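Novice: upload36.cif is the file, holding mmCIF, C-alpha atoms:
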```
data_my_file
loop_
_atom_site.label_atom_id
_atom_site.label_comp_id
_atom_site.auth_asym_id
_atom_site.auth_seq_id
_atom_site.Cartn_x
_atom_site.Cartn_y
_atom_site.Cartn_z
CA MET A 274 44.61 77.35 -33.66
CA SER A 275 46.97 74.52 -34.30
CA ARG A 276 49.99 76.77 -34.75
CA GLN A 277 51.46 75.50 -31.49
CA SER A 278 51.44 71.87 -32.49
CA ASN A 279 52.72 72.72 -35.94
CA ARG A 280 55.82 74.21 -34.40
CA ALA A 281 56.41 71.15 -32.25
CA THR A 282 56.13 68.68 -35.09
CA ASP A 283 58.17 70.95 -37.32
CA SER A 284 60.79 70.95 -34.63
CA LYS A 285 60.97 67.17 -34.48
CA LYS A 286 60.95 66.91 -38.23
CA MET A 287 63.75 69.37 -38.57
CA ASN A 288 65.84 67.44 -36.14
CA SER A 289 65.46 64.34 -38.19
CA GLU A 290 66.30 66.29 -41.28
CA LEU A 291 69.35 67.76 -39.61
CA PHE A 292 70.71 64.26 -39.16
CA THR A 293 69.67 63.10 -42.62
CA LEU A 294 71.12 66.16 -44.34
CA THR A 295 74.33 66.01 -42.32
CA TYR A 296 74.72 62.35 -43.19
CA GLY A 297 74.22 63.24 -46.84
CA ALA A 298 76.87 65.93 -46.61
CA LEU A 299 79.24 63.39 -45.08
CA VAL A 300 78.70 60.80 -47.80
CA THR A 301 79.16 63.50 -50.43
CA GLN A 302 82.43 64.56 -48.84
CA LEU A 303 83.63 60.96 -48.65
CA CYS A 304 82.84 60.42 -52.31
CA LYS A 305 85.00 63.42 -53.08
CA ASP A 306 87.83 62.23 -50.87
CA TYR A 307 87.94 58.62 -52.01
CA GLU A 308 88.29 57.32 -55.51
CA ASN A 309 85.98 54.37 -55.39
CA ASP A 310 82.78 53.30 -53.69
CA GLU A 311 84.43 50.42 -51.85
CA GLU A 312 86.67 52.85 -49.99
CA VAL A 313 83.70 55.01 -49.08
CA ASN A 314 81.83 51.96 -47.82
CA LYS A 315 84.78 50.99 -45.65
CA GLN A 316 85.10 54.49 -44.25
CA LEU A 317 81.40 54.66 -43.44
CA ASP A 318 81.65 51.33 -41.68
CA LYS A 319 84.64 52.52 -39.67
CA MET A 320 82.96 55.75 -38.67
CA GLY A 321 79.84 53.83 -37.78
CA TYR A 322 81.89 51.54 -35.60
CA ASN A 323 83.37 54.52 -33.73
CA ILE A 324 79.89 55.89 -33.17
CA GLY A 325 78.52 52.50 -32.14
CA VAL A 326 81.03 51.95 -29.34
CA ARG A 327 79.91 55.21 -27.76
CA LEU A 328 76.25 54.98 -28.68
CA ILE A 329 75.83 51.76 -26.70
CA GLU A 330 76.51 53.59 -23.45
CA ASP A 331 73.94 56.22 -24.29
CA PHE A 332 71.50 53.47 -25.20
CA LEU A 333 72.02 51.45 -22.04
CA ALA A 334 71.72 54.55 -19.89
CA ARG A 335 68.47 55.65 -21.47
CA SER A 336 66.67 52.44 -22.19
CA SER A 337 66.96 50.49 -18.92
CA VAL A 338 67.11 47.30 -20.95
CA GLY A 339 68.74 44.44 -19.05
CA ARG A 340 71.21 41.88 -20.30
CA CYS A 341 69.96 39.90 -23.27
CA HIS A 342 69.93 36.14 -22.75
CA ASP A 343 70.20 35.09 -26.34
CA PHE A 344 70.52 36.37 -29.86
CA ARG A 345 66.76 36.41 -30.37
CA GLU A 346 66.32 38.77 -27.47
CA THR A 347 69.13 40.91 -28.83
CA ALA A 348 67.37 41.11 -32.18
CA ASP A 349 64.15 42.26 -30.55
CA VAL A 350 65.88 44.90 -28.49
CA ILE A 351 67.70 46.23 -31.53
CA ALA A 352 64.56 46.44 -33.62
CA LYS A 353 61.98 47.52 -31.06
CA VAL A 354 64.00 49.66 -28.68
CA ALA A 355 67.19 50.88 -30.29
CA PHE A 356 65.97 51.65 -33.79
CA LYS A 357 62.85 53.24 -32.35
CA MET A 358 64.83 55.39 -29.95
CA TYR A 359 67.41 56.63 -32.41
CA LEU A 360 65.73 56.59 -35.77
CA GLY A 361 62.05 56.54 -34.90
CA ILE A 362 61.38 53.40 -36.93
CA THR A 363 60.72 49.80 -35.94
CA PRO A 364 62.12 47.33 -38.42
CA SER A 365 60.72 43.81 -38.41
CA VAL A 366 62.87 40.86 -37.45
CA THR A 367 62.60 37.97 -39.90
CA ASN A 368 64.43 35.27 -41.84
CA TRP A 369 66.01 33.51 -38.93
CA SER A 370 68.57 30.90 -39.90
CA PRO A 371 67.83 27.36 -38.66
CA ALA A 372 70.73 27.62 -36.22
CA GLY A 373 69.30 30.86 -34.81
CA ASP A 374 72.52 32.75 -35.40
CA GLU A 375 71.46 34.94 -38.27
CA PHE A 376 68.44 37.18 -38.93
CA SER A 377 67.24 40.06 -41.05
CA LEU A 378 65.99 43.49 -40.12
CA ILE A 379 63.52 44.71 -42.69
CA LEU A 380 63.17 48.48 -42.83
CA GLU A 381 60.09 49.74 -44.65
CA SER A 382 61.58 53.21 -44.59
CA ASN A 383 65.09 54.41 -43.91
CA PRO A 384 65.43 57.95 -42.54
CA LEU A 385 69.00 58.20 -43.80
CA VAL A 386 67.89 58.10 -47.40
CA ASP A 387 65.14 60.73 -47.38
CA PHE A 388 65.72 63.00 -50.37
CA VAL A 389 68.53 60.76 -51.63
CA GLU A 390 69.10 59.37 -55.09
CA LEU A 391 72.22 57.51 -56.08
CA PRO A 392 73.82 58.82 -59.25
CA ASP A 393 74.67 56.19 -61.88
CA ASN A 394 78.39 56.25 -61.29
CA HIS A 395 78.00 55.12 -57.66
CA SER A 396 76.27 51.81 -58.12
CA ASN A 397 78.53 50.09 -55.59
CA LEU A 398 77.98 52.61 -52.86
CA VAL A 399 76.27 51.24 -49.79
CA TYR A 400 74.91 54.61 -48.77
CA SER A 401 73.70 53.65 -45.31
CA ASN A 402 76.76 51.59 -44.43
CA LEU A 403 77.26 53.69 -41.32
CA LEU A 404 74.42 51.69 -39.76
CA CYS A 405 76.34 48.43 -40.18
CA GLY A 406 79.31 49.88 -38.36
CA VAL A 407 77.14 51.28 -35.58
CA LEU A 408 75.50 47.92 -34.95
CA ARG A 409 78.82 46.10 -35.06
CA GLY A 410 80.52 48.56 -32.70
CA ALA A 411 77.67 48.68 -30.25
CA LEU A 412 77.35 44.91 -30.00
CA GLU A 413 81.08 44.45 -29.62
CA MET A 414 80.86 46.54 -26.44
CA VAL A 415 78.39 44.04 -25.06
CA GLN A 416 80.63 41.13 -25.86
CA MET A 417 79.11 40.07 -29.16
CA ALA A 418 81.07 39.80 -32.39
CA VAL A 419 78.66 40.14 -35.29
CA ASP A 420 78.78 40.51 -39.01
CA VAL A 421 76.38 43.12 -40.40
CA ARG A 422 75.66 43.86 -44.00
CA PHE A 423 72.96 45.21 -46.28
CA ALA A 424 71.18 42.48 -48.20
CA GLN A 425 68.70 44.80 -49.88
CA ASP A 426 68.69 48.55 -50.38
CA THR A 427 65.85 50.73 -51.64
CA LEU A 428 68.42 53.12 -53.05
CA ARG A 429 69.61 50.41 -55.36
CA GLY A 430 66.19 49.49 -56.58
CA ASP A 431 65.02 46.93 -54.04
CA ASN A 432 61.57 47.18 -52.48
CA VAL A 433 62.77 47.22 -48.94
CA THR A 434 65.95 47.75 -47.05
CA GLU A 435 67.22 44.57 -45.45
CA ILE A 436 70.06 44.39 -42.97
CA ARG A 437 71.42 40.92 -42.34
CA MET A 438 73.01 40.27 -38.93
CA LYS A 439 75.06 37.21 -38.13
CA PHE A 440 76.34 36.19 -34.73
CA ILE A 441 80.00 35.22 -34.95
CA LYS A 442 81.03 34.59 -31.38
CA ARG A 443 80.94 35.78 -27.84
CA ILE A 444 83.87 38.03 -26.96
CA GLU A 445 85.53 37.08 -23.70
CA GLU A 446 85.78 40.02 -21.36
CA ASN A 447 89.44 40.98 -21.14
CA MET A 448 90.48 41.55 -17.60
CA PRO A 449 93.06 44.32 -17.50
CA ALA A 450 96.45 42.89 -16.55
CA GLY A 451 96.73 43.75 -12.92
CA ASP A 452 98.82 42.75 -9.96
CA GLU A 453 97.63 39.19 -9.53
CA MET B 79 62.49 60.99 -36.18
CA ALA B 80 66.24 60.86 -35.68
CA ASP B 81 67.31 61.38 -32.12
CA GLU B 82 69.36 64.41 -31.17
CA ALA B 83 72.09 62.22 -29.69
CA LEU B 84 72.61 60.63 -33.09
CA PHE B 85 73.39 63.98 -34.64
CA GLN B 86 75.86 64.82 -31.90
CA PHE B 87 77.66 61.49 -32.32
CA LEU B 88 77.75 61.94 -36.07
CA HIS B 89 79.00 65.51 -35.73
CA SER B 90 81.85 64.39 -33.44
CA GLU B 91 82.77 61.58 -35.77
CA ILE B 92 82.80 63.88 -38.79
CA ILE B 93 85.19 66.21 -36.98
CA GLN B 94 87.43 63.22 -36.18
CA TYR B 95 87.37 62.17 -39.80
CA VAL B 96 88.12 65.59 -41.25
CA ASN B 97 90.84 66.07 -38.65
CA SER B 98 92.63 62.86 -39.56
CA ALA B 99 92.19 63.41 -43.27
CA GLU B 100 93.98 66.75 -43.09
CA THR B 101 97.63 66.59 -42.22
CA GLY B 102 100.19 69.32 -42.46
CA GLU B 103 100.71 72.86 -41.37
CA SER B 104 97.54 74.44 -42.54
CA GLU B 105 95.62 71.48 -41.23
CA ASN B 106 93.46 73.41 -38.82
CA GLY B 107 92.38 75.91 -41.44
CA ARG B 108 91.48 73.28 -44.00
CA CYS B 109 89.67 71.26 -41.39
CA VAL B 110 87.56 74.18 -40.38
CA SER B 111 86.88 75.05 -44.03
CA LYS B 112 85.69 71.58 -44.88
CA LEU B 113 83.42 71.44 -41.87
CA GLU B 114 82.06 74.90 -42.57
CA ASN B 115 81.24 73.96 -46.14
CA MET B 116 79.41 70.85 -45.04
CA GLY B 117 77.42 72.91 -42.58
CA PHE B 118 76.59 75.39 -45.32
CA ARG B 119 74.94 72.76 -47.51
CA VAL B 120 73.00 71.38 -44.60
CA GLY B 121 71.90 74.83 -43.48
CA GLN B 122 70.57 75.61 -46.93
CA GLY B 123 68.59 72.39 -47.09
CA LEU B 124 67.24 72.70 -43.57
CA ILE B 125 66.01 76.26 -43.86
CA GLU B 126 64.34 75.55 -47.17
CA ARG B 127 62.11 72.93 -45.64
CA PHE B 128 61.63 74.68 -42.34
CA THR B 129 60.41 77.96 -43.79
CA LYS B 130 58.31 76.56 -46.61
CA ASP B 131 55.15 78.08 -45.18
CA THR B 132 56.64 80.95 -43.25
CA PRO B 133 55.57 84.42 -44.35
CA ARG B 134 58.20 86.78 -45.73
CA PHE B 135 60.54 88.42 -43.26
CA LYS B 136 60.14 92.15 -42.68
CA ASP B 137 63.81 92.97 -42.62
CA GLU B 138 67.29 91.76 -41.79
CA LEU B 139 66.74 92.00 -38.04
CA ASP B 140 63.64 89.88 -38.39
CA VAL B 141 65.68 87.22 -40.15
CA MET B 142 68.30 87.27 -37.39
CA LYS B 143 65.64 86.98 -34.70
CA PHE B 144 64.22 83.99 -36.52
CA ILE B 145 67.63 82.36 -36.55
CA CYS B 146 68.08 83.08 -32.86
CA LYS B 147 64.68 81.79 -31.81
CA ASP B 148 63.00 79.35 -34.14
CA PHE B 149 66.00 78.01 -35.99
CA TRP B 150 68.23 77.64 -32.95
CA THR B 151 65.43 75.98 -30.96
CA SER B 152 64.77 73.50 -33.71
CA VAL B 153 68.37 72.57 -34.13
CA PHE B 154 69.75 72.98 -30.61
CA LYS B 155 66.67 72.76 -28.42
CA LYS B 156 67.18 76.20 -26.98
CA GLN B 157 67.23 79.79 -28.10
CA ILE B 158 70.24 81.99 -28.49
CA ASP B 159 70.75 83.63 -25.11
CA ASN B 160 71.77 87.05 -26.31
CA LEU B 161 71.66 88.89 -29.63
CA ARG B 162 73.57 92.11 -30.12
CA THR B 163 73.95 94.26 -33.20
CA ASN B 164 75.51 97.49 -34.23
CA HIS B 165 72.62 98.04 -36.65
CA GLN B 166 75.18 98.21 -39.40
CA GLY B 167 75.20 94.61 -40.47
CA ILE B 168 77.09 92.96 -37.63
CA TYR B 169 75.31 90.62 -35.26
CA VAL B 170 76.68 88.69 -32.33
CA LEU B 171 74.76 85.63 -31.21
CA GLN B 172 75.65 84.35 -27.80
CA ASP B 173 74.91 80.83 -26.66
CA ASN B 174 75.87 80.28 -23.04
CA LYS B 175 75.59 76.54 -23.18
CA PHE B 176 76.29 75.47 -26.72
CA ARG B 177 75.19 71.88 -27.08
CA LEU B 178 77.95 70.80 -29.38
CA LEU B 179 80.56 72.03 -26.90
CA THR B 180 79.16 70.43 -23.79
CA GLN B 181 80.81 67.16 -24.77
CA LEU B 182 84.24 68.73 -24.57
CA SER B 183 85.35 69.32 -21.02
CA ALA B 184 84.31 72.64 -19.64
CA GLY B 185 87.33 74.82 -19.04
CA LYS B 186 90.38 75.93 -20.92
CA GLN B 187 92.08 72.64 -21.79
CA TYR B 188 90.43 71.92 -25.10
CA LEU B 189 90.10 75.49 -26.25
CA GLU B 190 92.36 74.89 -29.24
CA HIS B 191 89.97 72.25 -30.56
CA ALA B 192 86.89 74.31 -30.04
CA PRO B 193 86.96 75.98 -33.50
CA LYS B 194 86.47 72.59 -35.11
CA PHE B 195 83.38 72.05 -33.02
CA LEU B 196 81.97 75.37 -34.11
CA ALA B 197 82.82 75.28 -37.79
CA PHE B 198 79.90 73.14 -38.89
CA THR B 199 77.45 75.37 -37.07
CA CYS B 200 78.97 78.51 -38.59
CA GLY B 201 78.31 76.98 -41.96
CA LEU B 202 74.83 75.98 -40.88
CA VAL B 203 74.00 79.58 -40.04
CA ARG B 204 75.63 80.93 -43.19
CA GLY B 205 73.72 78.40 -45.30
CA ALA B 206 70.42 79.16 -43.62
CA LEU B 207 70.91 82.90 -44.10
CA SER B 208 71.99 82.37 -47.68
CA ASN B 209 68.73 80.69 -48.59
CA LEU B 210 66.82 83.44 -46.85
CA GLY B 211 68.49 85.86 -49.20
CA VAL B 212 71.12 87.12 -46.80
CA LYS B 213 74.78 86.81 -47.74
CA SER B 214 77.09 86.69 -44.77
CA ILE B 215 80.32 85.63 -43.19
CA VAL B 216 79.94 83.71 -39.97
CA THR B 217 82.70 83.16 -37.46
CA ALA B 218 82.68 81.93 -33.92
CA GLU B 219 84.74 82.21 -30.82
CA VAL B 220 84.83 80.51 -27.47
CA SER B 221 86.16 82.14 -24.36
CA VAL B 222 84.90 79.88 -21.64
CA MET B 223 83.34 76.59 -22.56
CA PRO B 224 80.57 75.81 -23.14
CA ALA B 225 79.66 79.41 -23.91
CA CYS B 226 80.39 80.74 -27.38
CA LYS B 227 79.62 83.63 -29.67
CA PHE B 228 78.75 83.50 -33.34
CA GLN B 229 79.52 86.63 -35.27
CA VAL B 230 77.49 87.28 -38.40
CA MET B 231 78.71 89.91 -40.84
CA ILE B 232 76.13 90.72 -43.45
CA GLN B 233 77.62 91.22 -46.88
CA LYS B 234 75.93 93.81 -49.00
CA ILE B 235 75.91 92.36 -52.51
#
```
Show how you would write the structure in this file as structure tokens.
Specialist:
Amino acid sequence: MSRQSNRATDSKKMNSELFTLTYGALVTQLCKDYENDEEVNKQLDKMGYNIGVRLIEDFLARSSVGRCHDFRETADVIAKVAFKMYLGITPSVTNWSPAGDEFSLILESNPLVDFVELPDNHSNLVYSNLLCGVLRGALEMVQMAVDVRFAQDTLRGDNVTEIRMKFIKRIEENMPAGDE
Amino acid sequence: MADEALFQFLHSEIIQYVNSAETGESENGRCVSKLENMGFRVGQGLIERFTKDTPRFKDELDVMKFICKDFWTSVFKKQIDNLRTNHQGIYVLQDNKFRLLTQLSAGKQYLEHAPKFLAFTCGLVRGALSNLGVKSIVTAEVSVMPACKFQVMIQKI
């Protein structure tokens, strides 16, 4: 019978739900701890950043992706490799700026928001803001300063979730002060 | 499907956050409480969806075996290594290589921080049991990392 495969898929599903539910518990706790949505957004971004700076190592170790030569390549790697590896989704990369320094990631579905509804009194909450921090932190570790924000959010009534990423500048590698 | 590593990173970060948010003498206790409560909510939600189509459990021991095998495997990719009970409502679940502890150095150095890394999971188990109709108190202890024991005390209502 198919009992065996049911268990396996259940297992994977539950793992995803573990993350989603834990994230929900975190946001709930933050809403209790902070008075306004802006503070929660900032905290989520900060926590995301902390995760991102460590996640990048895990990513580089597991993905065998080489150095990206330009921002376009970076965008592709983020969408097709990173998002797929960690969240099981592949957002599309669109809306490139003419200068090639800004693009959008369009997520048809966002695993973080399964089972989530925003109550009316939290209209300014960017629920998935952790993602922005993660992307920012991870890219900083590979010498890229970027600005990441949500342009559209299904939780706030939009049709899709859109993350806008803008390249700010290359970060010069800081050589530790040594005995020169 | 969210990757396991993501959960571990998030879990670590949540501990960091709760730790820094709590200052003062009873900090450790409040920390652990907060984490345990978060785990409780998650455990309730998880078990609800996981056991939607599962047939009723025969008895309390059956429930505990389910936690040790199916639940633990789903959440931590391995089963509980050893289950002991006094058949009077106390169960000890031993995990010799607890995944959420493997990040902390093996050995005695970080022993004092270990409770924070176990609190969420204690809540997870308590929440899961709660939605299976079993009221309990769950505590955990570490002697040698990364091995730990979860103690479940069934509360007769």
Novice: Evaluated on this file, the PyMOL selection byres ((chain A and resi 418) around 10) picks out some residues - which ones are they, written as a list in words?
Specialist: Arg409, Gly410, Ala411, Leu412, Glu413, Met414, Val415, Gln416, Met417, Val419, Asp420, Val421, Lys439, Phe440, Ile441, Lys442, Arg443 and Ile444 of chain A
Novice: Keeping only C-alpha atoms, write those residues as an mmCIF file, in the frame of the given file.
Specialist:
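Result went into part-v5.cif, see below:
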```
data_model
loop_
_atom_site.group_PDB
_atom_site.id
_atom_site.type_symbol
_atom_site.label_atom_id
_atom_site.label_comp_id
_atom_site.auth_asym_id
_atom_site.auth_seq_id
_atom_site.Cartn_x
_atom_site.Cartn_y
_atom_site.Cartn_z
ATOM 1 C CA ARG A 409 78.820 46.100 -35.060
ATOM 2 C CA GLY A 410 80.520 48.560 -32.700
ATOM 3 C CA ALA A 411 77.670 48.680 -30.250
ATOM 4 C CA LEU A 412 77.350 44.910 -30.000
ATOM 5 C CA GLU A 413 81.080 44.450 -29.620
ATOM 6 C CA MET A 414 80.860 46.540 -26.440
ATOM 7 C CA VAL A 415 78.390 44.040 -25.060
ATOM 8 C CA GLN A 416 80.630 41.130 -25.860
ATOM 9 C CA MET A 417 79.110 40.070 -29.160
ATOM 10 C CA VAL A 419 78.660 40.140 -35.290
ATOM 11 C CA ASP A 420 78.780 40.510 -39.010
ATOM 12 C CA VAL A 421 76.380 43.120 -40.400
ATOM 13 C CA LYS A 439 75.060 37.210 -38.130
ATOM 14 C CA PHE A 440 76.340 36.190 -34.730
ATOM 15 C CA ILE A 441 80.000 35.220 -34.950
ATOM 16 C CA LYS A 442 81.030 34.590 -31.380
ATOM 17 C CA ARG A 443 80.940 35.780 -27.840
ATOM 18 C CA ILE A 444 83.870 38.030 -26.960
#
```
Novice: If the box runs along x, y and z of the file and leaves 5 Å on each side of stretch 359-374 of chain A, what are its centre and edge lengths in Å, one decimal, as lines of an AutoDock Vina configuration file?
Specialist:
```
center_x = 66.6
center_y = 42.0
center_z = -37.1
size_x = 21.8
size_y = 39.3
size_z = 19.4
```
Novice: Could you tell me how far atom CA of A:Glu346 lies from atom CA of A:Asn314, in Å and to one decimal?
Specialist: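 Computed distance, atom CA of A:Glu346 to atom CA of A:Asn314, equals 28.8 Å.
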Novice: Near chain A, which residues of chain B fall within 6 Å when you count only C-alpha atoms, and what do they look like as a PyMOL selection string?
Specialist: chain B and resi 79-81+85+116+120+152
Novice: If I take atom CA of B:Tyr95 and atom CA of A:Pro364, how far is one from the other in Å, to one decimal?
Specialist: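 Atom CA of A:Pro364 lies at a distance of 29.3 Å from atom CA of B:Tyr95.
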Novice: Which residues match the PyMOL selection byres ((chain A and resi 395) around 10) in the file above, as a tab-separated table (two decimals) with C-alpha atoms, keeping the file's coordinate frame?
Specialist:
```tsv
chain	number	residue	atom	x	y	z
A	304	CYS	CA	82.84	60.42	-52.31
A	309	ASN	CA	85.98	54.37	-55.39
A	310	ASP	CA	82.78	53.30	-53.69
A	311	GLU	CA	84.43	50.42	-51.85
A	391	LEU	CA	72.22	57.51	-56.08
A	392	PRO	CA	73.82	58.82	-59.25
A	393	ASP	CA	74.67	56.19	-61.88
A	394	ASN	CA	78.39	56.25	-61.29
A	396	SER	CA	76.27	51.81	-58.12
A	397	ASN	CA	78.53	50.09	-55.59
A	398	LEU	CA	77.98	52.61	-52.86
A	399	VAL	CA	76.27	51.24	-49.79
A	400	TYR	CA	74.91	54.61	-48.77
A	429	ARG	CA	69.61	50.41	-55.36
```
Novice: I'd like the interatomic distance between atom CA of A:Tyr322 and atom CA of B:Val153, to a tenth of an Å.
Specialist: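 Between atom CA of A:Tyr322 and atom CA of B:Val153 the gap is 25.0 Å.
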Novice: When distances are computed from all atoms listed in the file, which of B:Glu190, B:Glu219, B:Glu100, B:Asp173 shows the smallest separation from B:Lys112?
Specialist: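 For B:Lys112, the nearest of the given residues is B:Glu100.
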Novice: Report as number ranges by chain the full result of the PyMOL selection byres ((chain B and resi 165-172) around 12) when it is applied to this structure.
Specialist: B: 137-139, 141-147, 150, 156-164, 173-176, 200, 203, 212-222, 224-234
Novice: Env of B:Arg108: 12 Å cut, atoms = all atoms listed in the file, seq-sep filter 5 positions within chain, self excluded. Answer as a PyMOL selection string.
Specialist: chain B and resi 93+96-103+113-115+193-194+197
Novice: Given all atoms listed in the file as the basis, pick out the residue of B:Lys155, B:His191, B:Lys136, B:Arg204 nearest to B:Gly117.
Specialist: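 Closest residue, counting all atoms listed in the file: B:Arg204.
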Novice: Let me make sure I understand: among A:Lys319, A:Thr363, A:Glu330, A:Pro371, which one has the smallest atom-to-atom distance to A:Asn402 if we use only C-alpha atoms?
Specialist: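 Closest candidate: A:Lys319.
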